[in-house]
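As stored in start_17.cif (mmCIF, C-alpha atoms and all ligand atoms):
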data_run
#
loop_
_atom_site.group_PDB
_atom_site.id
_atom_site.type_symbol
_atom_site.label_atom_id
_atom_site.label_comp_id
_atom_site.auth_asym_id
_atom_site.auth_seq_id
_atom_site.Cartn_x
_atom_site.Cartn_y
_atom_site.Cartn_z
ATOM 1 C CA PRO A 1 -2.572 78.708 14.022
ATOM 2 C CA TYR A 2 -2.952 76.536 10.918
ATOM 3 C CA HIS A 3 -3.233 79.398 8.403
ATOM 4 C CA GLU A 4 -0.806 82.220 7.954
ATOM 5 C CA ILE A 5 -2.205 85.057 5.864
ATOM 6 C CA GLN A 6 0.538 86.847 3.933
ATOM 7 C CA PRO A 7 0.242 90.612 3.285
ATOM 8 C CA PRO A 8 -0.661 91.452 -0.356
ATOM 9 C CA PRO A 9 2.306 92.246 -2.680
ATOM 10 C CA PRO A 10 2.879 95.938 -3.431
ATOM 11 C CA ALA A 11 0.731 97.298 -6.303
ATOM 12 C CA ALA A 12 2.476 97.197 -9.697
ATOM 13 C CA ALA A 13 3.396 100.586 -11.174
ATOM 14 C CA VAL A 14 1.034 101.721 -13.997
ATOM 15 C CA PRO A 15 3.055 102.100 -17.253
ATOM 16 C CA SER A 16 2.902 105.733 -18.441
ATOM 17 C CA ALA A 17 2.234 104.798 -22.096
ATOM 18 C CA VAL A 18 -1.031 103.084 -21.247
ATOM 19 C CA GLY A 19 -4.128 104.936 -22.307
ATOM 20 C CA PRO A 20 -7.293 105.177 -20.125
ATOM 21 C CA LYS A 21 -9.150 102.532 -22.275
ATOM 22 C CA ASP A 22 -6.305 99.994 -22.010
ATOM 23 C CA LYS A 23 -6.506 97.277 -19.371
ATOM 24 C CA VAL A 24 -4.333 97.887 -16.360
ATOM 25 C CA PRO A 25 -2.649 94.656 -15.144
ATOM 26 C CA GLN A 26 -4.041 93.878 -11.669
ATOM 27 C CA PRO A 27 -1.969 92.319 -8.880
ATOM 28 C CA SER A 28 -2.948 88.670 -8.201
ATOM 29 C CA PRO A 29 -4.974 88.237 -4.969
ATOM 30 C CA ALA A 30 -3.020 87.161 -1.922
ATOM 31 C CA GLN A 31 -2.956 83.366 -1.550
ATOM 32 C CA PRO A 32 -3.145 82.043 2.023
ATOM 33 C CA VAL A 33 -0.241 79.792 2.863
ATOM 34 C CA ILE A 34 -1.682 76.703 4.562
ATOM 35 C CA GLN A 35 0.427 74.838 7.022
ATOM 36 C CA ARG A 36 -0.994 71.316 7.055
ATOM 37 C CA PRO A 37 -1.332 69.800 10.535
ATOM 38 C CA VAL A 38 0.869 66.761 11.040
ATOM 39 C CA PHE A 39 -1.117 63.596 11.964
ATOM 40 C CA THR A 40 1.000 60.848 13.502
ATOM 41 C CA GLY A 41 -1.749 58.201 14.087
ATOM 42 C CA LYS A 42 -1.080 54.707 12.689
ATOM 43 C CA ASP A 43 -3.527 52.036 11.445
ATOM 44 C CA ARG A 44 -3.864 49.064 13.747
ATOM 45 C CA THR A 45 -5.015 45.485 13.088
ATOM 46 C CA GLU A 46 -6.981 43.624 15.724
ATOM 47 C CA PRO A 47 -8.151 40.003 15.385
ATOM 48 C CA LEU A 48 -11.900 39.426 15.705
ATOM 49 C CA LYS A 49 -12.657 37.789 19.008
ATOM 50 C CA GLY A 50 -15.471 36.335 21.104
ATOM 51 C CA PHE A 51 -19.026 37.475 20.434
ATOM 52 C CA HIS A 52 -17.939 39.738 17.584
ATOM 53 C CA LYS A 53 -16.377 36.781 15.794
ATOM 54 C CA ALA A 54 -19.591 34.801 16.347
ATOM 55 C CA MET A 55 -21.610 37.698 14.900
ATOM 56 C CA VAL A 56 -19.534 37.633 11.700
ATOM 57 C CA LYS A 57 -20.204 33.900 11.341
ATOM 58 C CA THR A 58 -23.959 34.093 12.023
ATOM 59 C CA MET A 59 -24.584 37.149 9.899
ATOM 60 C CA THR A 60 -22.620 35.672 6.994
ATOM 61 C CA ALA A 61 -24.855 32.582 7.212
ATOM 62 C CA ALA A 62 -27.883 34.904 7.365
ATOM 63 C CA LEU A 63 -26.921 36.325 3.964
ATOM 64 C CA LYS A 64 -27.944 33.018 2.386
ATOM 65 C CA ILE A 65 -31.539 33.472 3.582
ATOM 66 C CA PRO A 66 -33.970 35.064 1.108
ATOM 67 C CA HIS A 67 -35.422 37.735 3.399
ATOM 68 C CA PHE A 68 -38.980 38.903 2.921
ATOM 69 C CA GLY A 69 -39.712 42.281 4.564
ATOM 70 C CA TYR A 70 -43.060 43.447 5.900
ATOM 71 C CA CYS A 71 -43.911 46.570 7.930
ATOM 72 C CA ASP A 72 -46.973 47.859 9.726
ATOM 73 C CA GLU A 73 -48.050 50.496 12.203
ATOM 74 C CA VAL A 74 -49.382 49.590 15.661
ATOM 75 C CA ASP A 75 -51.570 51.919 17.704
ATOM 76 C CA MET A 76 -50.110 51.478 21.176
ATOM 77 C CA THR A 77 -52.368 54.022 22.923
ATOM 78 C CA LYS A 78 -54.247 51.471 25.069
ATOM 79 C CA LEU A 79 -51.105 49.498 25.869
ATOM 80 C CA VAL A 80 -49.228 52.656 26.907
ATOM 81 C CA ARG A 81 -52.056 53.364 29.373
ATOM 82 C CA LEU A 82 -52.157 49.768 30.629
ATOM 83 C CA ARG A 83 -48.408 49.570 31.166
ATOM 84 C CA LEU A 84 -48.481 52.825 33.109
ATOM 85 C CA GLU A 85 -51.097 51.302 35.428
ATOM 86 C CA LEU A 86 -49.195 48.030 35.880
ATOM 87 C CA LYS A 87 -45.704 49.546 36.083
ATOM 88 C CA GLU A 88 -46.105 50.717 39.674
ATOM 89 C CA LEU A 89 -47.574 47.388 40.754
ATOM 90 C CA ALA A 90 -44.628 45.552 39.176
ATOM 91 C CA GLU A 91 -42.206 47.990 40.815
ATOM 92 C CA SER A 92 -43.781 47.280 44.207
ATOM 93 C CA ARG A 93 -42.824 43.631 43.546
ATOM 94 C CA GLY A 94 -39.284 44.716 42.631
ATOM 95 C CA VAL A 95 -39.667 44.233 38.861
ATOM 96 C CA LYS A 96 -39.266 46.747 36.028
ATOM 97 C CA LEU A 97 -42.100 46.380 33.516
ATOM 98 C CA SER A 98 -41.284 47.677 30.041
ATOM 99 C CA TYR A 99 -43.211 46.984 26.813
ATOM 100 C CA MET A 100 -41.045 44.010 25.872
ATOM 101 C CA PRO A 101 -42.979 41.415 27.946
ATOM 102 C CA PHE A 102 -46.180 42.323 26.038
ATOM 103 C CA PHE A 103 -44.387 42.141 22.672
ATOM 104 C CA ILE A 104 -42.824 38.814 23.588
ATOM 105 C CA LYS A 105 -45.923 37.146 25.020
ATOM 106 C CA LYS A 106 -47.829 37.255 21.749
ATOM 107 C CA ASN A 107 -45.204 35.534 19.623
ATOM 108 C CA ASN A 108 -46.188 31.950 20.025
ATOM 109 C CA LEU A 109 -47.510 30.698 16.752
ATOM 110 C CA ARG A 110 -46.629 27.204 15.565
ATOM 111 C CA TRP A 111 -44.440 28.196 12.587
ATOM 112 C CA MET A 112 -42.309 30.372 14.806
ATOM 113 C CA LYS A 113 -40.810 27.257 16.357
ATOM 114 C CA THR A 114 -39.544 25.863 13.078
ATOM 115 C CA SER A 115 -36.009 26.285 11.897
ATOM 116 C CA TRP A 116 -34.724 26.228 8.356
ATOM 117 C CA CYS A 117 -32.878 23.013 9.093
ATOM 118 C CA GLY A 118 -36.275 21.348 9.545
ATOM 119 C CA VAL A 119 -36.404 21.168 13.347
ATOM 120 C CA PHE A 120 -39.757 21.789 14.995
ATOM 121 C CA GLN A 121 -39.007 22.870 18.537
ATOM 122 C CA ALA A 122 -41.492 22.112 21.277
ATOM 123 C CA ALA A 123 -40.977 25.372 23.153
ATOM 124 C CA HIS A 124 -41.390 29.024 22.276
ATOM 125 C CA ASN A 125 -38.085 30.574 23.306
ATOM 126 C CA ILE A 126 -38.275 34.211 22.271
ATOM 127 C CA GLY A 127 -34.943 35.923 21.806
ATOM 128 C CA LEU A 128 -34.390 39.616 22.291
ATOM 129 C CA ALA A 129 -31.576 41.589 20.734
ATOM 130 C CA MET A 130 -29.701 43.210 23.594
ATOM 131 C CA ASP A 131 -27.188 46.019 23.409
ATOM 132 C CA THR A 132 -24.718 44.912 26.093
ATOM 133 C CA THR A 133 -21.232 45.825 27.280
ATOM 134 C CA GLN A 134 -19.993 42.854 25.222
ATOM 135 C CA GLY A 135 -21.784 44.053 22.068
ATOM 136 C CA LEU A 136 -24.978 42.752 20.488
ATOM 137 C CA LEU A 137 -26.209 39.589 22.212
ATOM 138 C CA VAL A 138 -29.476 37.689 21.800
ATOM 139 C CA PRO A 139 -30.516 35.906 25.003
ATOM 140 C CA ASN A 140 -33.917 34.253 24.960
ATOM 141 C CA VAL A 141 -36.839 33.898 27.330
ATOM 142 C CA LYS A 142 -37.593 30.197 27.476
ATOM 143 C CA ASN A 143 -41.102 28.745 27.257
ATOM 144 C CA VAL A 144 -43.068 31.966 26.939
ATOM 145 C CA GLN A 145 -46.135 29.805 26.198
ATOM 146 C CA VAL A 146 -46.388 28.972 29.898
ATOM 147 C CA LEU A 147 -45.344 32.365 31.293
ATOM 148 C CA SER A 148 -47.480 35.350 32.224
ATOM 149 C CA VAL A 149 -46.518 38.876 31.156
ATOM 150 C CA PHE A 150 -45.226 39.401 34.699
ATOM 151 C CA ASP A 151 -43.147 36.176 34.578
ATOM 152 C CA ILE A 152 -41.612 37.368 31.306
ATOM 153 C CA ALA A 153 -40.788 40.736 32.898
ATOM 154 C CA VAL A 154 -39.016 38.947 35.783
ATOM 155 C CA GLU A 155 -36.993 36.890 33.311
ATOM 156 C CA LEU A 156 -36.166 39.967 31.220
ATOM 157 C CA ASN A 157 -34.924 41.787 34.315
ATOM 158 C CA ARG A 158 -32.644 38.836 35.047
ATOM 159 C CA LEU A 159 -31.305 38.716 31.467
ATOM 160 C CA GLN A 160 -30.783 42.484 31.364
ATOM 161 C CA ALA A 161 -28.852 42.419 34.659
ATOM 162 C CA LEU A 162 -26.634 39.641 33.271
ATOM 163 C CA GLY A 163 -26.186 41.545 29.996
ATOM 164 C CA THR A 164 -25.191 44.717 31.826
ATOM 165 C CA SER A 165 -22.592 42.895 33.898
ATOM 166 C CA GLY A 166 -21.255 40.929 30.889
ATOM 167 C CA GLN A 167 -22.338 37.602 32.387
ATOM 168 C CA LEU A 168 -24.775 36.144 29.875
ATOM 169 C CA GLY A 169 -23.950 32.476 29.435
ATOM 170 C CA THR A 170 -24.520 29.780 26.814
ATOM 171 C CA ALA A 171 -27.775 28.514 28.384
ATOM 172 C CA ASP A 172 -29.433 31.915 27.979
ATOM 173 C CA LEU A 173 -27.922 32.548 24.545
ATOM 174 C CA THR A 174 -28.904 29.310 22.818
ATOM 175 C CA GLY A 175 -32.159 27.587 21.865
ATOM 176 C CA GLY A 176 -34.037 30.652 20.626
ATOM 177 C CA THR A 177 -36.916 30.080 18.204
ATOM 178 C CA PHE A 178 -37.783 33.639 17.168
ATOM 179 C CA THR A 179 -36.253 37.070 17.843
ATOM 180 C CA LEU A 180 -37.502 40.555 18.585
ATOM 181 C CA SER A 181 -35.270 43.594 18.351
ATOM 182 C CA ASN A 182 -36.489 46.657 20.234
ATOM 183 C CA ILE A 183 -34.231 49.133 18.469
ATOM 184 C CA GLY A 184 -36.852 51.803 19.258
ATOM 185 C CA SER A 185 -35.686 51.857 22.879
ATOM 186 C CA ILE A 186 -32.597 53.611 21.465
ATOM 187 C CA GLY A 187 -34.256 55.371 18.508
ATOM 188 C CA GLY A 188 -35.457 55.015 14.941
ATOM 189 C CA THR A 189 -38.850 54.241 13.461
ATOM 190 C CA TYR A 190 -38.232 51.430 10.942
ATOM 191 C CA ALA A 191 -35.477 48.817 10.626
ATOM 192 C CA LYS A 192 -34.529 46.000 8.296
ATOM 193 C CA PRO A 193 -33.833 43.169 10.734
ATOM 194 C CA VAL A 194 -31.629 40.253 9.762
ATOM 195 C CA ILE A 195 -32.802 36.732 10.624
ATOM 196 C CA LEU A 196 -30.701 34.882 13.168
ATOM 197 C CA PRO A 197 -30.163 31.391 11.684
ATOM 198 C CA PRO A 198 -31.529 28.755 12.144
ATOM 199 C CA GLU A 199 -34.587 30.830 13.063
ATOM 200 C CA VAL A 200 -37.042 31.747 10.318
ATOM 201 C CA ALA A 201 -38.243 35.228 11.245
ATOM 202 C CA ILE A 202 -37.416 38.322 13.268
ATOM 203 C CA GLY A 203 -39.251 41.507 14.212
ATOM 204 C CA ALA A 204 -37.846 44.982 14.851
ATOM 205 C CA LEU A 205 -39.773 47.553 16.862
ATOM 206 C CA GLY A 206 -39.432 51.265 16.281
ATOM 207 C CA LYS A 207 -39.792 53.959 18.892
ATOM 208 C CA ILE A 208 -43.283 54.763 20.124
ATOM 209 C CA GLN A 209 -44.194 58.221 18.851
ATOM 210 C CA VAL A 210 -47.088 60.508 19.743
ATOM 211 C CA LEU A 211 -48.766 61.298 16.410
ATOM 212 C CA PRO A 212 -52.150 62.583 15.164
ATOM 213 C CA ARG A 213 -54.450 59.855 13.856
ATOM 214 C CA PHE A 214 -58.148 59.537 13.004
ATOM 215 C CA ASN A 215 -60.432 57.610 15.345
ATOM 216 C CA SER A 216 -63.552 55.653 14.251
ATOM 217 C CA ARG A 217 -65.621 58.894 14.389
ATOM 218 C CA ASP A 218 -63.234 60.631 11.952
ATOM 219 C CA GLU A 219 -61.876 62.875 14.713
ATOM 220 C CA VAL A 220 -58.169 63.633 14.945
ATOM 221 C CA VAL A 221 -56.821 62.165 18.174
ATOM 222 C CA LYS A 222 -53.451 61.920 19.884
ATOM 223 C CA ALA A 223 -52.165 58.377 19.335
ATOM 224 C CA HIS A 224 -49.096 56.445 20.498
ATOM 225 C CA VAL A 225 -47.822 54.838 17.323
ATOM 226 C CA MET A 226 -45.100 52.216 16.859
ATOM 227 C CA ASN A 227 -43.880 50.681 13.620
ATOM 228 C CA VAL A 228 -42.976 47.034 13.421
ATOM 229 C CA SER A 229 -40.688 45.652 10.694
ATOM 230 C CA TRP A 230 -40.710 41.899 10.150
ATOM 231 C CA SER A 231 -38.236 39.830 8.142
ATOM 232 C CA ALA A 232 -39.117 36.248 7.282
ATOM 233 C CA ASP A 233 -37.372 33.432 5.457
ATOM 234 C CA HIS A 234 -39.329 33.282 2.209
ATOM 235 C CA ARG A 235 -38.339 29.654 1.654
ATOM 236 C CA LEU A 236 -40.637 28.729 4.542
ATOM 237 C CA ILE A 237 -42.916 31.679 5.200
ATOM 238 C CA ASP A 238 -44.855 33.455 2.501
ATOM 239 C CA GLY A 239 -46.047 37.048 2.617
ATOM 240 C CA ALA A 240 -49.666 36.193 3.436
ATOM 241 C CA THR A 241 -48.611 34.069 6.446
ATOM 242 C CA MET A 242 -46.395 36.865 7.738
ATOM 243 C CA CYS A 243 -49.169 39.417 7.205
ATOM 244 C CA ARG A 244 -51.785 37.283 9.045
ATOM 245 C CA PHE A 245 -49.414 36.782 11.962
ATOM 246 C CA SER A 246 -48.607 40.495 12.105
ATOM 247 C CA ASN A 247 -52.335 41.357 12.079
ATOM 248 C CA LEU A 248 -52.946 39.004 14.998
ATOM 249 C CA TRP A 249 -49.956 40.273 17.016
ATOM 250 C CA LYS A 250 -50.988 43.860 16.315
ATOM 251 C CA SER A 251 -54.601 43.223 17.358
ATOM 252 C CA TYR A 252 -53.441 41.918 20.744
ATOM 253 C CA LEU A 253 -51.257 44.973 21.347
ATOM 254 C CA GLU A 254 -53.941 47.406 20.170
ATOM 255 C CA ASN A 255 -56.557 45.738 22.395
ATOM 256 C CA PRO A 256 -54.503 44.492 25.343
ATOM 257 C CA ALA A 257 -57.628 43.468 27.266
ATOM 258 C CA THR A 258 -57.993 40.552 24.799
ATOM 259 C CA MET A 259 -54.686 39.133 26.094
ATOM 260 C CA VAL A 260 -56.526 38.321 29.327
ATOM 261 C CA LEU A 261 -58.861 35.944 27.477
ATOM 262 C CA ASP A 262 -56.198 33.366 26.695
ATOM 263 C CA LEU A 263 -53.827 34.217 29.506
ATOM 264 C CA LYS A 264 -51.356 31.469 30.414
HETATM 265 N N1 LIG B 301 -40.395 53.243 22.153
HETATM 266 C C1 LIG B 301 -40.428 54.118 23.153
HETATM 267 N N2 LIG B 301 -40.006 53.840 24.416
HETATM 268 C C2 LIG B 301 -39.513 52.614 24.644
HETATM 269 C C3 LIG B 301 -39.433 51.646 23.635
HETATM 270 C C4 LIG B 301 -39.910 51.995 22.342
HETATM 271 N N3 LIG B 301 -39.881 51.126 21.349
HETATM 272 N N4 LIG B 301 -38.898 50.527 24.158
HETATM 273 C C5 LIG B 301 -38.658 50.779 25.430
HETATM 274 N N5 LIG B 301 -39.019 52.028 25.742
HETATM 275 C C6 LIG B 301 -38.912 52.668 27.042
HETATM 276 C C7 LIG B 301 -39.215 51.690 28.152
HETATM 277 O O1 LIG B 301 -40.580 51.536 28.349
HETATM 278 C C8 LIG B 301 -38.507 52.336 29.299
HETATM 279 O O2 LIG B 301 -39.276 53.442 29.764
HETATM 280 P P1 LIG B 301 -39.602 53.665 31.330
HETATM 281 O O3 LIG B 301 -38.311 54.107 31.929
HETATM 282 O O4 LIG B 301 -40.674 54.674 31.318
HETATM 283 O O5 LIG B 301 -40.046 52.359 31.888
HETATM 284 C C9 LIG B 301 -37.261 52.872 28.651
HETATM 285 O O6 LIG B 301 -37.561 53.016 27.274
HETATM 286 C C10 LIG B 301 -36.045 51.987 28.829
HETATM 287 O O7 LIG B 301 -36.375 50.654 28.474
HETATM 288 P P2 LIG B 301 -35.246 49.507 28.497
HETATM 289 O O8 LIG B 301 -34.392 49.631 27.294
HETATM 290 O O9 LIG B 301 -34.555 49.523 29.801
HETATM 291 O O10 LIG B 301 -36.082 48.152 28.487
HETATM 292 P P3 LIG B 301 -36.780 47.363 27.307
HETATM 293 O O11 LIG B 301 -37.325 46.120 27.961
HETATM 294 O O12 LIG B 301 -37.743 48.176 26.586
HETATM 295 O O13 LIG B 301 -35.616 46.943 26.315
HETATM 296 C C11 LIG B 301 -33.661 45.825 25.562
HETATM 297 C C12 LIG B 301 -34.662 46.024 26.700
HETATM 298 C C13 LIG B 301 -32.671 44.786 25.996
HETATM 299 C C14 LIG B 301 -34.405 45.355 24.333
HETATM 300 C C15 LIG B 301 -32.967 47.182 25.258
HETATM 301 O O14 LIG B 301 -32.337 47.654 26.396
HETATM 302 C C16 LIG B 301 -31.956 47.087 24.137
HETATM 303 O O15 LIG B 301 -30.840 46.608 24.282
HETATM 304 N N6 LIG B 301 -32.336 47.586 22.945
HETATM 305 C C17 LIG B 301 -31.456 47.617 21.771
HETATM 306 C C18 LIG B 301 -31.708 46.423 20.889
HETATM 307 C C19 LIG B 301 -30.773 46.433 19.717
HETATM 308 O O16 LIG B 301 -29.611 46.786 19.816
HETATM 309 N N7 LIG B 301 -31.283 46.048 18.529
HETATM 310 C C20 LIG B 301 -30.516 46.048 17.320
HETATM 311 C C21 LIG B 301 -30.216 44.644 16.919
HETATM 312 S S1 LIG B 301 -29.501 44.521 15.308
HETATM 313 O O17 LIG B 301 -28.019 45.114 15.521
#

Conversion result in C-alpha cells:
Amino acid sequence: PYHEIQPPPPAAAVPSAVGPKDKVPQPSPAQPVIQRPVFTGKDRTEPLKGFHKAMVKTMTAALKIPHFGYCDEVDMTKLVRLRLELKELAESRGVKLSYMPFFIKKNNLRWMKTSWCGVFQAAHNIGLAMDTTQGLLVPNVKNVQVLSVFDIAVELNRLQALGTSGQLGTADLTGGTFTLSNIGSIGGTYAKPVILPPEVAIGALGKIQVLPRFNSRDEVVKAHVMNVSWSADHRLIDGATMCRFSNLWKSYLENPATMVLDLK
C-alpha cells in the first residue's frame, strides 16, 4: 500500500481552570504519511531515422508555406448508397471498394498539377496519407485522369497491401501532385491538413456521420454528412479558386451519377 494512515494522537487533557466560554485547544487532525512510489525509469535518446526523419524535413519546409484553410460539408447520402451497391460487385472481382476512389477521381483540375517551384506536371498523381506500420506515408495513384473509379480502387488495394507489409517503395512515394488525407477513417470531423511540398494544396476528410438535415421540401431527413478541410498555398491559390474547386468536387460527390457523364 502507498498510504499508511496513522491513528490519531490521544486527546489533550482539558485544563481545569478553563471556563465553559473559553476555547478548548483541539488536537490537530491526523496527517496521512505518504510513502512515495520509487520510479526507476530513465530518459532515453533515439536518433531520428528513415521515414520519420523525412517527415521532419518535409514538415519543416511546409512551415514556410502560407496556408489558407477552407472547410465545407458534403452530403454523402447518395454516394453511400451507390458505394453499397458497387461494393459487392467490386468484391466479386476481388477488390475492396471504399470511398477513397470516388474522392480521388474528382481531383484533376489544372492548378492541382502545379508545384510551388513552378513545375507544371502533365499527370494527376493523387497522393493519399496512409497510416502504415512504418508511420505516416503518402503514396500516390498515378494518372488518375485516365483511370476509372474501379481502376483507382485496384491501385489503392495494391498500395494499401504494400503499406501494411512495410514495402512501399520510392516509385509509389514520389511524383505526387495533390494529396488527400482520409483521417475520418480513423475518426474526427475536421482537420487542419499541412501541405506536402512542393504540392500546393491538400484536403482532409472527416468521418461520415448520420445527421438530421433539411431537404428541398423543408423536411428533416437522415443524411450522411462528411466535412472536408482544404489547405492551399495562398501564394498560388486564392480563396475564391479553392472555394470554386471545392464546390465542384462536392457537387460530384453529392450527385455521383454526374461522374458517369465525363467518365474516363
Ligand atoms: N467516414 C466513415 N467511414 C469511412 C471513412 C470516413 N471518412 N473512410 C473510410 N471509411 C470506411 C470505409 O468505407 C471502410 O468501410 P467498409 O468496411 O464498410 O468498406 C472502412 O472505413 C475501412 O476503410 P479503410 O481505411 O480500409 O480504407 P479507405 O480507402 O477508406 O482508407 C487509408 C485508406 C489509407 C486512407 C486509411 O486506411 C488511412 O490510413 N487513413 C489514415 C490517414 C491519416 O493518417 N491521415 C493523417 C495524415 S496527417 O498526419

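Between atom CA of A:Asp75 and atom CA of A:Val144 lies a distance of 23.6 Å.
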
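Those protein and nucleic acid residues that have any atom within 6 Å of ligand LIG 301 (chain B) are, using all atoms listed in the file, A:Ser98, A:Tyr99, A:Met100, A:Ala129, A:Met130, A:Asp131, A:Ser181, A:Asn182, A:Ile183, A:Gly184, A:Ser185, A:Leu205, A:Gly206, A:Lys207, A:Ile208.
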
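Picked by the PyMOL selection byres (((chain A and resi 46-51) around 9) and not hetatm) from the coordinates shown: Arg44, Thr45, His52, Lys53, Ala54, Met55, Val56, Gln134, Gly135, Leu136 and Leu137 of chain A.
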
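Nearest to A:Met76 of all the residues A:Ala223, A:Leu248, A:Leu97, A:Val228 is A:Ala223, based on all atoms listed in the file.
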
Legend entry - Residues in the PyMOL selection byres (((chain A and resi 166-169) around 10) and not hetatm), expressed as a VMD selection string: chain A and resid 132 to 135 137 to 139 158 to 165 170 to 174

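Going from atom CA of A:Asn227 over to atom CA of A:Thr179, you cover 16.2 Å.
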
Could you model N, CA and C atoms for stretch 222-239 of chain A and present them as a PDB file, keeping the file's coordinate frame?
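For reference, out-v5.pdb as written:
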ATOM      1  N   LYS A 222     -54.867  62.110  19.571  1.00  0.00           N
ATOM      2  CA  LYS A 222     -53.451  61.920  19.884  1.00  0.00           C
ATOM      3  C   LYS A 222     -53.216  60.416  20.066  1.00  0.00           C
ATOM      4  N   ALA A 223     -52.377  59.831  19.232  1.00  0.00           N
ATOM      5  CA  ALA A 223     -52.165  58.377  19.335  1.00  0.00           C
ATOM      6  C   ALA A 223     -50.690  58.052  19.593  1.00  0.00           C
ATOM      7  N   HIS A 224     -50.468  56.946  20.303  1.00  0.00           N
ATOM      8  CA  HIS A 224     -49.096  56.445  20.498  1.00  0.00           C
ATOM      9  C   HIS A 224     -48.860  55.387  19.431  1.00  0.00           C
ATOM     10  N   VAL A 225     -47.989  55.698  18.499  1.00  0.00           N
ATOM     11  CA  VAL A 225     -47.822  54.838  17.323  1.00  0.00           C
ATOM     12  C   VAL A 225     -46.425  54.211  17.300  1.00  0.00           C
ATOM     13  N   MET A 226     -46.393  52.908  16.990  1.00  0.00           N
ATOM     14  CA  MET A 226     -45.100  52.216  16.859  1.00  0.00           C
ATOM     15  C   MET A 226     -45.091  51.423  15.543  1.00  0.00           C
ATOM     16  N   ASN A 227     -44.005  51.484  14.837  1.00  0.00           N
ATOM     17  CA  ASN A 227     -43.880  50.681  13.620  1.00  0.00           C
ATOM     18  C   ASN A 227     -43.195  49.363  13.951  1.00  0.00           C
ATOM     19  N   VAL A 228     -43.649  48.326  13.276  1.00  0.00           N
ATOM     20  CA  VAL A 228     -42.976  47.034  13.421  1.00  0.00           C
ATOM     21  C   VAL A 228     -42.495  46.612  12.041  1.00  0.00           C
ATOM     22  N   SER A 229     -41.266  46.123  11.962  1.00  0.00           N
ATOM     23  CA  SER A 229     -40.688  45.652  10.694  1.00  0.00           C
ATOM     24  C   SER A 229     -40.327  44.173  10.854  1.00  0.00           C
ATOM     25  N   TRP A 230     -40.993  43.339  10.082  1.00  0.00           N
ATOM     26  CA  TRP A 230     -40.710  41.899  10.150  1.00  0.00           C
ATOM     27  C   TRP A 230     -39.818  41.479   8.986  1.00  0.00           C
ATOM     28  N   SER A 231     -38.952  40.511   9.224  1.00  0.00           N
ATOM     29  CA  SER A 231     -38.236  39.830   8.142  1.00  0.00           C
ATOM     30  C   SER A 231     -38.498  38.345   8.306  1.00  0.00           C
ATOM     31  N   ALA A 232     -38.851  37.686   7.202  1.00  0.00           N
ATOM     32  CA  ALA A 232     -39.117  36.248   7.282  1.00  0.00           C
ATOM     33  C   ALA A 232     -38.354  35.530   6.177  1.00  0.00           C
ATOM     34  N   ASP A 233     -38.043  34.270   6.440  1.00  0.00           N
ATOM     35  CA  ASP A 233     -37.372  33.432   5.457  1.00  0.00           C
ATOM     36  C   ASP A 233     -38.407  33.005   4.417  1.00  0.00           C
ATOM     37  N   HIS A 234     -38.285  33.524   3.209  1.00  0.00           N
ATOM     38  CA  HIS A 234     -39.329  33.282   2.209  1.00  0.00           C
ATOM     39  C   HIS A 234     -39.313  31.848   1.673  1.00  0.00           C
ATOM     40  N   ARG A 235     -38.308  31.060   2.063  1.00  0.00           N
ATOM     41  CA  ARG A 235     -38.339  29.654   1.654  1.00  0.00           C
ATOM     42  C   ARG A 235     -39.405  28.912   2.443  1.00  0.00           C
ATOM     43  N   LEU A 236     -39.686  29.416   3.670  1.00  0.00           N
ATOM     44  CA  LEU A 236     -40.637  28.729   4.542  1.00  0.00           C
ATOM     45  C   LEU A 236     -41.904  29.526   4.818  1.00  0.00           C
ATOM     46  N   ILE A 237     -41.767  30.854   4.823  1.00  0.00           N
ATOM     47  CA  ILE A 237     -42.916  31.679   5.200  1.00  0.00           C
ATOM     48  C   ILE A 237     -43.251  32.620   4.046  1.00  0.00           C
ATOM     49  N   ASP A 238     -44.483  32.541   3.585  1.00  0.00           N
ATOM     50  CA  ASP A 238     -44.855  33.455   2.501  1.00  0.00           C
ATOM     51  C   ASP A 238     -45.430  34.747   3.082  1.00  0.00           C
ATOM     52  N   GLY A 239     -45.604  35.720   2.194  1.00  0.00           N
ATOM     53  CA  GLY A 239     -46.047  37.048   2.617  1.00  0.00           C
ATOM     54  C   GLY A 239     -47.384  37.030   3.336  1.00  0.00           C
TER      55      GLY A 239
END
